[in-house]
Amino acid sequence: MSASLTSTTTSPAEPAPAPVAAARRRWVDGRLLSWGGPLAAVALSLRYTQRAWGPRAVAGDDVRAHMLRAQWAVDQLWRHGRLDGLLPAFAAGYQEFLFFGQGFTALVLIVRALTFGQLSTAGAMKVIAVGALAAFPLAVAFLARSYGLSPRAAGAAALASLLVNNPFGVGLSAVFGSFLVPQQVAAILACLCMGGVLRLITDPRPRWVVVTAVSAALILVTHIITAVIVVVLLALTIPTVMLTGLPGRRDADGAPSRWGGWRAAAAGLAVAGVVAIGLSAFWLVPFLAHLDLRGPVTTWATPRLGSRLSDIAASRYLFRPWVPWIVLAGAAVALARVLRHRPWALALVVAPVGYVAVSRALMAVAPGNGIIKQLENRGIGLAAVIACFGLAAVVGAAARVAGGVVRPVVADAGALAAMVVLVAVTSGPWISIAGSQPPPSAGLTGAARFLRTWLAPGARFAEIRQFPQDVIASGGVAHPDFYLAWATGHPTLNEFNAESTSARQVAFQAEQALQLPPDYDAVLFARDGVTAVVSTNAAATRYLRQSPAFAPVWRGSGWSVLAIRPELGHPEPATMVSTPGPATATRTSTDPQLVRVSVETASPQVATVAVAWSPRWRARLDGRPVPIQRTWDDLVAVNVPAGTSALALDWSPDPWSTVGVLVTLATTAALATFGVRAMRRRRSEDR
């Protein structure tokens, strides 16, 4: 017995049987590039962000504005069971989550919760900024596979995504320049959504319906412009892949199938769309119901097409030197592979080129539309990533061919090394972009200390914006106004995300102050509830002091704080009330959702309250409901009688928000029920 056992047992030193060795080789083939590419891309992303690690807030123009809205949402809204409310931190107050969804702020809260509160809001944002850059190549690899590229090519595509750097969205410049981290997060979701749609076309199973629906819903509540970008890219991609043959589907003779299973795919896409709308309805319904409240869109200008193409070709935009031509060569090879019936090849060229063409056409048709105005700038980075898929396909094919000459693992290692070198050489200069916020100057910190103690609770200030002089005076802090609001805990009249406020005139008062007569500035600032104005240089201070309404109360390192003196006999700006005639006012509540003011006047007047108008405001005068007026500058006004009156403004529930929440709850319950039933069905089948 022992002899027979010995004769049939394979020694560890002996080679494995031929079928086992062949299977092992097949498993190993391509794995180094398909897995190593994304992992190397993650490692490079972390390496590029290393300068941002540390105790200070992450670099980026809008980082402190996002910190303010996140902290406010957690402290003032979500702890009290409210999904939205009046954010007092900017302008005359924003219904911040009406046009800019809760997705990114919720992610900040999740990261803090996962660390049991050990991370601050600033720390959570730094983790998200670094994590969004590192996770993007993984999502790109998923999208590349969904387009029909091989595992090797998908691994190369993950690395190729690091070749793209769009300062208006996707890449190091976007994250650490303007702090477009919500868009970077949405770009990850965009890859998952587009990948889910493409897989649904070839494999209409419930899993891809869920992936598509959930990722689409998250895009909507995180960055709605990215949702439009995804729609345009899919509108170009889907017809192209269907006309050239769906990846993964074959006819009986082995040729690519063009139309097989399209009914099931269309049904799956329809279900995914309905579920996505249902899941995001808590935000989408009030968004659509209140489009009339949308403020002006502040964005970057889009250059002429010739200038943009010239900048790309000259590596002044989007790519580093030589990369545009390498990507163009990959696209040419992709076009050549159309003749070899590669169903994905044409889409890799049609999607990015067509995206620019469609965005330009839409801008010509509707030049004033806020979203269309941003379409090319915001989406060209994602389109460029898809354009890199042709290069990735060439690298993957070269590794496969070389694997027939040398060992496949050696071929993959060579391809992986070549891609890493290409990314490292061309992306290296971008490393300097990543970093942390510089320490504020002595003048900025001094102004913050003074305002923190001098301003009354809830009082509003304004910083005279003179870009880039005020940035230089602040020691490199991109937005001194946002820094002051964060450091003092007081709201600023300066705007952020102006499309979220209905008070359009008020939002830009601080930016336009030096273009108006100082006396008129003082009247407007007092009407807007501004108690103090911060000036960053002596010239601006001298200009404002031409009006006696501006009284200096602090000076240091070239910075000044000027108090606003109201007209004689009129309410103090800190009360948030202004009247055309003599009156006095006392503010008795600093809760932005519950404005309480006592107004005393000798004759009936119209009292203007410096909060942005919204149909959600409800007014009571001495306990009795009274109508609210909308002023010329979109503030709230109420008629008050002679004598002393108690004016109360309450931010009331929005019926549209209630409808949206109910739809979201119903959709979530239906999705959960479907998932439970599917699991039970699978278990019963396994038995």
# chains A, B, ... in the order shown; residues from 1 in each chain; ligands from 1
call {"tool": "residues_around", "arguments": {"residues": "Arg294 in chain A", "least_positions_apart": "2", "cutoff": "12 Å", "atoms": "only C-alpha atoms", "output": "MDAnalysis selection string"}}
result
chainID A and resid 94:100 286:292 296:298 369:371 497:504 612:614 634
call {"tool": "residues_around", "arguments": {"residues": "Trp322 in chain A", "least_positions_apart": "5", "cutoff": "10 Å", "atoms": "only C-alpha atoms", "output": "compact mmCIF listing (two decimals) with N, CA, C and O atoms, in the first residue's frame"}}
result
# COMPACT_ATOMS: atom_id res chain seq x y z
N ALA A 313 -2.60 70.85 -28.68
CA ALA A 313 -1.50 70.36 -29.51
C ALA A 313 -0.16 70.86 -28.99
O ALA A 313 0.85 70.13 -29.06
N ALA A 314 -0.13 72.08 -28.47
CA ALA A 314 1.12 72.65 -27.96
C ALA A 314 1.38 72.27 -26.51
O ALA A 314 2.33 72.77 -25.90
N SER A 315 0.53 71.41 -25.94
CA SER A 315 0.68 70.92 -24.56
C SER A 315 0.60 72.04 -23.53
O SER A 315 1.20 71.95 -22.46
N VAL A 327 -1.23 60.12 -27.92
CA VAL A 327 -2.65 59.76 -27.84
C VAL A 327 -3.27 59.74 -29.23
O VAL A 327 -4.08 58.87 -29.55
N THR A 426 6.01 62.55 -18.05
CA THR A 426 5.14 63.62 -18.53
C THR A 426 4.32 64.26 -17.42
O THR A 426 3.86 65.40 -17.57
call {"tool": "atom_distance", "arguments": {"atom1": "CA of Val471 in chain A", "atom2": "CA of Phe450 in chain A"}}
result
19.5 Å
call {"tool": "residues_around", "arguments": {"residues": "Ser436 in chain A", "least_positions_apart": "3", "cutoff": "8 Å", "atoms": "only C-alpha atoms", "output": "MDAnalysis selection string"}}
result
chainID A and resid 51:54 56:59
call {"tool": "residues_around", "arguments": {"residues": "range 355-364 of chain A", "least_positions_apart": "5", "cutoff": "8 Å", "atoms": "only C-alpha atoms", "output": "JSON, numbers by chain"}}
result
{"A": [232, 233, 236, 350, 369, 372, 373, 375, 376, 380, 383]}
call {"tool": "write_last_selection", "arguments": {"atoms": "all heavy atoms", "output": "PDB file, in the first residue's frame"}}
result
ATOM      1  N   VAL A 232     -24.116  63.022 -22.641  1.00  0.00           N
ATOM      2  CA  VAL A 232     -23.567  63.345 -23.960  1.00  0.00           C
ATOM      3  C   VAL A 232     -22.611  62.249 -24.429  1.00  0.00           C
ATOM      4  O   VAL A 232     -22.673  61.796 -25.585  1.00  0.00           O
ATOM      5  CB  VAL A 232     -22.850  64.710 -23.927  1.00  0.00           C
ATOM      6  CG1 VAL A 232     -22.144  64.989 -25.249  1.00  0.00           C
ATOM      7  CG2 VAL A 232     -23.852  65.818 -23.637  1.00  0.00           C
ATOM      8  N   LEU A 233     -21.722  61.801 -23.556  1.00  0.00           N
ATOM      9  CA  LEU A 233     -20.765  60.754 -23.941  1.00  0.00           C
ATOM     10  C   LEU A 233     -21.472  59.452 -24.290  1.00  0.00           C
ATOM     11  O   LEU A 233     -21.105  58.764 -25.263  1.00  0.00           O
ATOM     12  CB  LEU A 233     -19.761  60.530 -22.810  1.00  0.00           C
ATOM     13  CG  LEU A 233     -18.716  61.640 -22.611  1.00  0.00           C
ATOM     14  CD1 LEU A 233     -17.909  61.395 -21.347  1.00  0.00           C
ATOM     15  CD2 LEU A 233     -17.784  61.725 -23.820  1.00  0.00           C
ATOM     16  N   LEU A 236     -23.197  59.492 -27.675  1.00  0.00           N
ATOM     17  CA  LEU A 236     -22.254  59.281 -28.776  1.00  0.00           C
ATOM     18  C   LEU A 236     -21.753  57.845 -28.835  1.00  0.00           C
ATOM     19  O   LEU A 236     -21.534  57.291 -29.918  1.00  0.00           O
ATOM     20  CB  LEU A 236     -21.066  60.235 -28.612  1.00  0.00           C
ATOM     21  CG  LEU A 236     -21.376  61.725 -28.759  1.00  0.00           C
ATOM     22  CD1 LEU A 236     -20.237  62.561 -28.194  1.00  0.00           C
ATOM     23  CD2 LEU A 236     -21.610  62.078 -30.226  1.00  0.00           C
ATOM     24  N   VAL A 350     -14.984  58.500 -31.659  1.00  0.00           N
ATOM     25  CA  VAL A 350     -16.233  59.246 -31.790  1.00  0.00           C
ATOM     26  C   VAL A 350     -16.597  59.940 -30.476  1.00  0.00           C
ATOM     27  O   VAL A 350     -17.032  61.099 -30.472  1.00  0.00           O
ATOM     28  CB  VAL A 350     -17.375  58.314 -32.244  1.00  0.00           C
ATOM     29  CG1 VAL A 350     -18.727  59.013 -32.126  1.00  0.00           C
ATOM     30  CG2 VAL A 350     -17.140  57.853 -33.671  1.00  0.00           C
ATOM     31  N   ASN A 369     -27.277  79.298 -21.302  1.00  0.00           N
ATOM     32  CA  ASN A 369     -27.583  78.230 -20.362  1.00  0.00           C
ATOM     33  C   ASN A 369     -26.374  77.948 -19.473  1.00  0.00           C
ATOM     34  O   ASN A 369     -25.263  77.718 -19.964  1.00  0.00           O
ATOM     35  CB  ASN A 369     -27.993  76.971 -21.121  1.00  0.00           C
ATOM     36  CG  ASN A 369     -28.416  75.839 -20.201  1.00  0.00           C
ATOM     37  OD1 ASN A 369     -27.595  75.140 -19.626  1.00  0.00           O
ATOM     38  ND2 ASN A 369     -29.718  75.669 -20.062  1.00  0.00           N
ATOM     39  N   ILE A 372     -24.782  74.306 -19.986  1.00  0.00           N
ATOM     40  CA  ILE A 372     -24.152  74.168 -21.303  1.00  0.00           C
ATOM     41  C   ILE A 372     -22.895  75.026 -21.386  1.00  0.00           C
ATOM     42  O   ILE A 372     -21.903  74.650 -22.013  1.00  0.00           O
ATOM     43  CB  ILE A 372     -25.164  74.548 -22.406  1.00  0.00           C
ATOM     44  CG1 ILE A 372     -26.268  73.485 -22.480  1.00  0.00           C
ATOM     45  CG2 ILE A 372     -24.483  74.699 -23.755  1.00  0.00           C
ATOM     46  CD1 ILE A 372     -27.371  73.803 -23.448  1.00  0.00           C
ATOM     47  N   LYS A 373     -22.920  76.175 -20.724  1.00  0.00           N
ATOM     48  CA  LYS A 373     -21.765  77.063 -20.716  1.00  0.00           C
ATOM     49  C   LYS A 373     -20.536  76.371 -20.130  1.00  0.00           C
ATOM     50  O   LYS A 373     -19.393  76.673 -20.490  1.00  0.00           O
ATOM     51  CB  LYS A 373     -22.103  78.316 -19.906  1.00  0.00           C
ATOM     52  CG  LYS A 373     -21.216  79.525 -20.211  1.00  0.00           C
ATOM     53  CD  LYS A 373     -21.507  80.667 -19.258  1.00  0.00           C
ATOM     54  CE  LYS A 373     -22.961  81.089 -19.290  1.00  0.00           C
ATOM     55  NZ  LYS A 373     -23.213  82.266 -18.419  1.00  0.00           N
ATOM     56  N   LEU A 375     -20.125  72.979 -20.170  1.00  0.00           N
ATOM     57  CA  LEU A 375     -20.072  71.594 -20.629  1.00  0.00           C
ATOM     58  C   LEU A 375     -18.701  71.188 -21.152  1.00  0.00           C
ATOM     59  O   LEU A 375     -18.151  70.159 -20.764  1.00  0.00           O
ATOM     60  CB  LEU A 375     -21.142  71.381 -21.713  1.00  0.00           C
ATOM     61  CG  LEU A 375     -21.547  69.939 -22.008  1.00  0.00           C
ATOM     62  CD1 LEU A 375     -22.026  69.251 -20.741  1.00  0.00           C
ATOM     63  CD2 LEU A 375     -22.654  69.908 -23.065  1.00  0.00           C
ATOM     64  N   GLU A 376     -18.125  72.004 -22.026  1.00  0.00           N
ATOM     65  CA  GLU A 376     -16.836  71.608 -22.594  1.00  0.00           C
ATOM     66  C   GLU A 376     -15.730  71.692 -21.560  1.00  0.00           C
ATOM     67  O   GLU A 376     -14.930  70.758 -21.404  1.00  0.00           O
ATOM     68  CB  GLU A 376     -16.486  72.474 -23.801  1.00  0.00           C
ATOM     69  CG  GLU A 376     -15.147  72.062 -24.426  1.00  0.00           C
ATOM     70  CD  GLU A 376     -14.784  72.906 -25.618  1.00  0.00           C
ATOM     71  OE1 GLU A 376     -15.646  73.113 -26.499  1.00  0.00           O
ATOM     72  OE2 GLU A 376     -13.624  73.367 -25.684  1.00  0.00           O
ATOM     73  N   ILE A 380     -14.247  67.971 -20.818  1.00  0.00           N
ATOM     74  CA  ILE A 380     -13.222  67.599 -21.776  1.00  0.00           C
ATOM     75  C   ILE A 380     -12.152  66.700 -21.150  1.00  0.00           C
ATOM     76  O   ILE A 380     -11.504  65.908 -21.834  1.00  0.00           O
ATOM     77  CB  ILE A 380     -12.587  68.860 -22.406  1.00  0.00           C
ATOM     78  CG1 ILE A 380     -11.840  68.487 -23.682  1.00  0.00           C
ATOM     79  CG2 ILE A 380     -11.688  69.571 -21.411  1.00  0.00           C
ATOM     80  CD1 ILE A 380     -11.377  69.689 -24.481  1.00  0.00           C
ATOM     81  N   ALA A 383     -13.519  63.219 -21.449  1.00  0.00           N
ATOM     82  CA  ALA A 383     -13.438  62.834 -22.858  1.00  0.00           C
ATOM     83  C   ALA A 383     -11.998  62.500 -23.244  1.00  0.00           C
ATOM     84  O   ALA A 383     -11.752  61.559 -24.016  1.00  0.00           O
ATOM     85  CB  ALA A 383     -13.977  63.969 -23.724  1.00  0.00           C
TER      86      ALA A 383
END
call {"tool": "residues_around", "arguments": {"residues": "Leu671 in chain A", "least_positions_apart": "5", "cutoff": "9 Å", "atoms": "only C-alpha atoms", "output": "list of chain:residue names"}}
result
A:Val210, A:Val275, A:Ala666, A:Val676
call {"tool": "atom_distance", "arguments": {"atom1": "CA of Leu269 in chain A", "atom2": "CA of Gly660 in chain A"}}
result
21.9 Å
call {"tool": "residues_around", "arguments": {"residues": "Ser441 in chain A", "least_positions_apart": "2", "cutoff": "7 Å", "atoms": "only C-alpha atoms", "output": "PDB file with N, CA and C atoms, in the first residue's frame"}}
result
ATOM      1  N   PRO A 439       0.286  79.109   5.293  1.00  0.00           N
ATOM      2  CA  PRO A 439      -0.111  79.814   6.525  1.00  0.00           C
ATOM      3  C   PRO A 439      -0.546  81.233   6.193  1.00  0.00           C
ATOM      4  N   GLY A 443      -1.516  90.027   8.658  1.00  0.00           N
ATOM      5  CA  GLY A 443      -2.672  90.894   8.497  1.00  0.00           C
ATOM      6  C   GLY A 443      -3.975  90.124   8.478  1.00  0.00           C
ATOM      7  N   LEU A 444      -3.984  88.976   7.801  1.00  0.00           N
ATOM      8  CA  LEU A 444      -5.204  88.166   7.723  1.00  0.00           C
ATOM      9  C   LEU A 444      -5.554  87.566   9.084  1.00  0.00           C
ATOM     10  N   THR A 445      -4.569  87.024   9.777  1.00  0.00           N
ATOM     11  CA  THR A 445      -4.851  86.448  11.096  1.00  0.00           C
ATOM     12  C   THR A 445      -5.253  87.531  12.098  1.00  0.00           C
ATOM     13  N   SER A 474      -2.685  88.132   1.663  1.00  0.00           N
ATOM     14  CA  SER A 474      -3.074  87.118   2.650  1.00  0.00           C
ATOM     15  C   SER A 474      -2.036  86.018   2.809  1.00  0.00           C
ATOM     16  N   GLY A 475      -0.895  86.142   2.115  1.00  0.00           N
ATOM     17  CA  GLY A 475       0.145  85.123   2.223  1.00  0.00           C
ATOM     18  C   GLY A 475      -0.090  83.937   1.318  1.00  0.00           C
TER      19      GLY A 475
END
call {"tool": "select_by_dssp", "arguments": {"residues": "range 162-362 of chain A", "states": "helix (DSSP H, G or I)", "output": "number ranges by chain"}}
result
A: 162-163, 172-178, 181-202, 206-222, 224-244, 262-279, 281-289, 291-293, 305-313, 323-340, 345-362
call {"tool": "closest_residue", "arguments": {"among": "A:Ala331, A:Val130, A:Ala154, A:Leu382", "to": "Phe168 in chain A", "atoms": "only C-alpha atoms"}}
result
A:Leu382
call {"tool": "atom_distance", "arguments": {"atom1": "CA of Pro167 in chain A", "atom2": "CA of Arg304 in chain A"}}
result
17.3 Å
call {"tool": "residues_around", "arguments": {"residues": "Trp554 in chain A", "least_positions_apart": "4", "cutoff": "9 Å", "atoms": "only C-alpha atoms", "output": "PyMOL selection string"}}
result
chain A and resi 447+450+559-562
call {"tool": "write_last_selection", "arguments": {"atoms": "all heavy atoms", "output": "compact mmCIF listing (two decimals), in the first residue's frame"}}
result
# COMPACT_ATOMS: atom_id res chain seq x y z
N ALA A 447 -6.85 90.36 11.36
CA ALA A 447 -8.23 90.74 11.05
C ALA A 447 -9.21 89.69 11.56
O ALA A 447 -10.29 90.02 12.06
CB ALA A 447 -8.38 90.92 9.54
N PHE A 450 -9.64 90.04 15.35
CA PHE A 450 -10.45 91.20 15.71
C PHE A 450 -11.93 90.96 15.41
O PHE A 450 -12.80 91.24 16.25
CB PHE A 450 -9.95 92.43 14.93
CG PHE A 450 -10.80 93.65 15.18
CD1 PHE A 450 -10.65 94.39 16.33
CD2 PHE A 450 -11.76 94.04 14.24
CE1 PHE A 450 -11.44 95.51 16.56
CE2 PHE A 450 -12.55 95.16 14.47
CZ PHE A 450 -12.39 95.89 15.63
N TRP A 559 -3.71 95.75 6.47
CA TRP A 559 -5.13 95.39 6.46
C TRP A 559 -5.91 96.36 7.34
O TRP A 559 -5.38 96.90 8.32
CB TRP A 559 -5.32 93.96 6.99
CG TRP A 559 -4.83 92.91 6.05
CD1 TRP A 559 -3.55 92.72 5.64
CD2 TRP A 559 -5.62 91.90 5.43
NE1 TRP A 559 -3.48 91.64 4.78
CE2 TRP A 559 -4.74 91.11 4.63
CE3 TRP A 559 -6.96 91.57 5.45
CZ2 TRP A 559 -5.17 90.03 3.88
CZ3 TRP A 559 -7.40 90.49 4.71
CH2 TRP A 559 -6.52 89.73 3.93
N SER A 560 -7.19 96.54 7.01
CA SER A 560 -8.04 97.42 7.80
C SER A 560 -9.43 96.81 7.92
O SER A 560 -9.89 96.10 7.02
CB SER A 560 -8.17 98.81 7.14
OG SER A 560 -6.91 99.43 7.01
N VAL A 561 -10.07 97.11 9.04
CA VAL A 561 -11.48 96.78 9.24
C VAL A 561 -12.23 98.08 9.43
O VAL A 561 -11.87 98.89 10.29
CB VAL A 561 -11.69 95.85 10.45
CG1 VAL A 561 -13.19 95.61 10.68
CG2 VAL A 561 -10.96 94.53 10.25
N LEU A 562 -13.26 98.29 8.60
CA LEU A 562 -14.04 99.51 8.64
C LEU A 562 -15.47 99.18 9.06
O LEU A 562 -16.11 98.30 8.47
CB LEU A 562 -14.07 100.18 7.26
CG LEU A 562 -12.71 100.44 6.59
CD1 LEU A 562 -12.90 100.97 5.18
CD2 LEU A 562 -11.89 101.41 7.42
call {"tool": "select_by_dssp", "arguments": {"residues": "range 382-471 of chain A", "states": "strand (DSSP E or B)", "output": "PyMOL selection string"}}
result
chain A and resi 436+460-463
call {"tool": "write_last_selection", "arguments": {"atoms": "N, CA, C and O atoms", "output": "PDB file, in the first residue's frame"}}
result
ATOM      1  N   SER A 436      -0.739  71.836   0.589  1.00  0.00           N
ATOM      2  CA  SER A 436      -1.643  72.282   1.636  1.00  0.00           C
ATOM      3  C   SER A 436      -1.789  73.796   1.578  1.00  0.00           C
ATOM      4  O   SER A 436      -1.020  74.482   0.895  1.00  0.00           O
ATOM      5  N   ARG A 460     -22.732  90.079   9.983  1.00  0.00           N
ATOM      6  CA  ARG A 460     -22.165  89.785   8.663  1.00  0.00           C
ATOM      7  C   ARG A 460     -21.058  90.782   8.340  1.00  0.00           C
ATOM      8  O   ARG A 460     -21.131  91.959   8.688  1.00  0.00           O
ATOM      9  N   PHE A 461     -20.004  90.318   7.651  1.00  0.00           N
ATOM     10  CA  PHE A 461     -18.932  91.195   7.197  1.00  0.00           C
ATOM     11  C   PHE A 461     -18.754  91.001   5.689  1.00  0.00           C
ATOM     12  O   PHE A 461     -19.335  90.099   5.077  1.00  0.00           O
ATOM     13  N   ALA A 462     -17.938  91.845   5.092  1.00  0.00           N
ATOM     14  CA  ALA A 462     -17.609  91.717   3.666  1.00  0.00           C
ATOM     15  C   ALA A 462     -16.128  91.991   3.491  1.00  0.00           C
ATOM     16  O   ALA A 462     -15.555  92.850   4.173  1.00  0.00           O
ATOM     17  N   GLU A 463     -15.492  91.236   2.599  1.00  0.00           N
ATOM     18  CA  GLU A 463     -14.082  91.476   2.267  1.00  0.00           C
ATOM     19  C   GLU A 463     -14.031  92.055   0.856  1.00  0.00           C
ATOM     20  O   GLU A 463     -14.629  91.503  -0.073  1.00  0.00           O
TER      21      GLU A 463
END
call {"tool": "closest_residue", "arguments": {"among": "A:Ile229, A:Ala216, A:Pro352, A:Gly36", "to": "Val274 in chain A", "atoms": "only C-alpha atoms"}}
result
A:Ala216
call {"tool": "closest_residue", "arguments": {"among": "A:Val609, A:Ala417, A:Ala160, A:Ala70", "to": "Leu635 in chain A", "atoms": "only C-alpha atoms"}}
result
A:Val609
call {"tool": "closest_atom_pairs", "arguments": {"of": "range 30-129 of chain A", "to": "range 182-199 of chain A", "cutoff": "9 Å", "atoms": "only C-alpha atoms", "output": "JSON lines"}}
result
{"residue": "A:Gly103", "atom": "CA", "partner": "A:Pro182", "partner_atom": "CA", "distance": 8.2}
{"residue": "A:Phe104", "atom": "CA", "partner": "A:Pro182", "partner_atom": "CA", "distance": 5.8}
{"residue": "A:Thr105", "atom": "CA", "partner": "A:Pro182", "partner_atom": "CA", "distance": 9.0}
{"residue": "A:Ile128", "atom": "CA", "partner": "A:Val185", "partner_atom": "CA", "distance": 8.3}
{"residue": "A:Ala129", "atom": "CA", "partner": "A:Gln184", "partner_atom": "CA", "distance": 8.1}
call {"tool": "closest_residue", "arguments": {"among": "A:Thr49, A:Arg152, A:Asp591, A:Phe525", "to": "Gly403 in chain A", "atoms": "only C-alpha atoms"}}
result
A:Arg152
call {"tool": "decode", "arguments": {"residues": "range 643-650 of chain A", "atoms": "all heavy atoms", "output": "mmCIF file, in the first residue's frame"}}
result
data_model
loop_
_atom_site.group_PDB
_atom_site.id
_atom_site.type_symbol
_atom_site.label_atom_id
_atom_site.label_comp_id
_atom_site.auth_asym_id
_atom_site.auth_seq_id
_atom_site.Cartn_x
_atom_site.Cartn_y
_atom_site.Cartn_z
ATOM 1 N N GLY A 643 -45.384 102.181 15.518
ATOM 2 C CA GLY A 643 -45.265 101.607 16.845
ATOM 3 C C GLY A 643 -44.211 100.512 16.885
ATOM 4 O O GLY A 643 -43.336 100.429 16.018
ATOM 5 N N THR A 644 -44.300 99.682 17.898
ATOM 6 C CA THR A 644 -43.348 98.579 18.067
ATOM 7 C C THR A 644 -43.992 97.275 17.607
ATOM 8 O O THR A 644 -45.100 96.936 18.035
ATOM 9 C CB THR A 644 -42.907 98.457 19.531
ATOM 10 O OG1 THR A 644 -42.325 99.701 19.946
ATOM 11 C CG2 THR A 644 -41.888 97.341 19.704
ATOM 12 N N SER A 645 -43.263 96.540 16.744
ATOM 13 C CA SER A 645 -43.782 95.288 16.189
ATOM 14 C C SER A 645 -42.743 94.188 16.353
ATOM 15 O O SER A 645 -41.527 94.424 16.224
ATOM 16 C CB SER A 645 -44.118 95.447 14.701
ATOM 17 O OG SER A 645 -45.040 96.502 14.495
ATOM 18 N N ALA A 646 -43.215 92.988 16.628
ATOM 19 C CA ALA A 646 -42.352 91.802 16.698
ATOM 20 C C ALA A 646 -42.457 91.066 15.372
ATOM 21 O O ALA A 646 -43.502 90.487 15.047
ATOM 22 C CB ALA A 646 -42.772 90.905 17.849
ATOM 23 N N LEU A 647 -41.379 91.107 14.585
ATOM 24 C CA LEU A 647 -41.354 90.473 13.266
ATOM 25 C C LEU A 647 -40.652 89.123 13.367
ATOM 26 O O LEU A 647 -39.527 89.044 13.878
ATOM 27 C CB LEU A 647 -40.637 91.376 12.261
ATOM 28 C CG LEU A 647 -40.401 90.798 10.860
ATOM 29 C CD1 LEU A 647 -41.722 90.455 10.179
ATOM 30 C CD2 LEU A 647 -39.591 91.783 10.016
ATOM 31 N N ALA A 648 -41.306 88.089 12.865
ATOM 32 C CA ALA A 648 -40.735 86.739 12.888
ATOM 33 C C ALA A 648 -40.756 86.162 11.481
ATOM 34 O O ALA A 648 -41.790 86.184 10.807
ATOM 35 C CB ALA A 648 -41.528 85.843 13.833
ATOM 36 N N LEU A 649 -39.598 85.661 11.039
ATOM 37 C CA LEU A 649 -39.496 84.959 9.757
ATOM 38 C C LEU A 649 -39.088 83.523 10.041
ATOM 39 O O LEU A 649 -38.065 83.285 10.703
ATOM 40 C CB LEU A 649 -38.457 85.628 8.851
ATOM 41 C CG LEU A 649 -38.777 87.008 8.293
ATOM 42 C CD1 LEU A 649 -37.594 87.535 7.488
ATOM 43 C CD2 LEU A 649 -40.016 86.960 7.425
ATOM 44 N N ASP A 650 -39.867 82.574 9.557
ATOM 45 C CA ASP A 650 -39.578 81.158 9.757
ATOM 46 C C ASP A 650 -39.333 80.490 8.405
ATOM 47 O O ASP A 650 -40.097 80.697 7.461
ATOM 48 C CB ASP A 650 -40.753 80.457 10.458
ATOM 49 C CG ASP A 650 -40.954 80.948 11.873
ATOM 50 O OD1 ASP A 650 -39.996 81.502 12.431
ATOM 51 O OD2 ASP A 650 -42.066 80.795 12.397
#
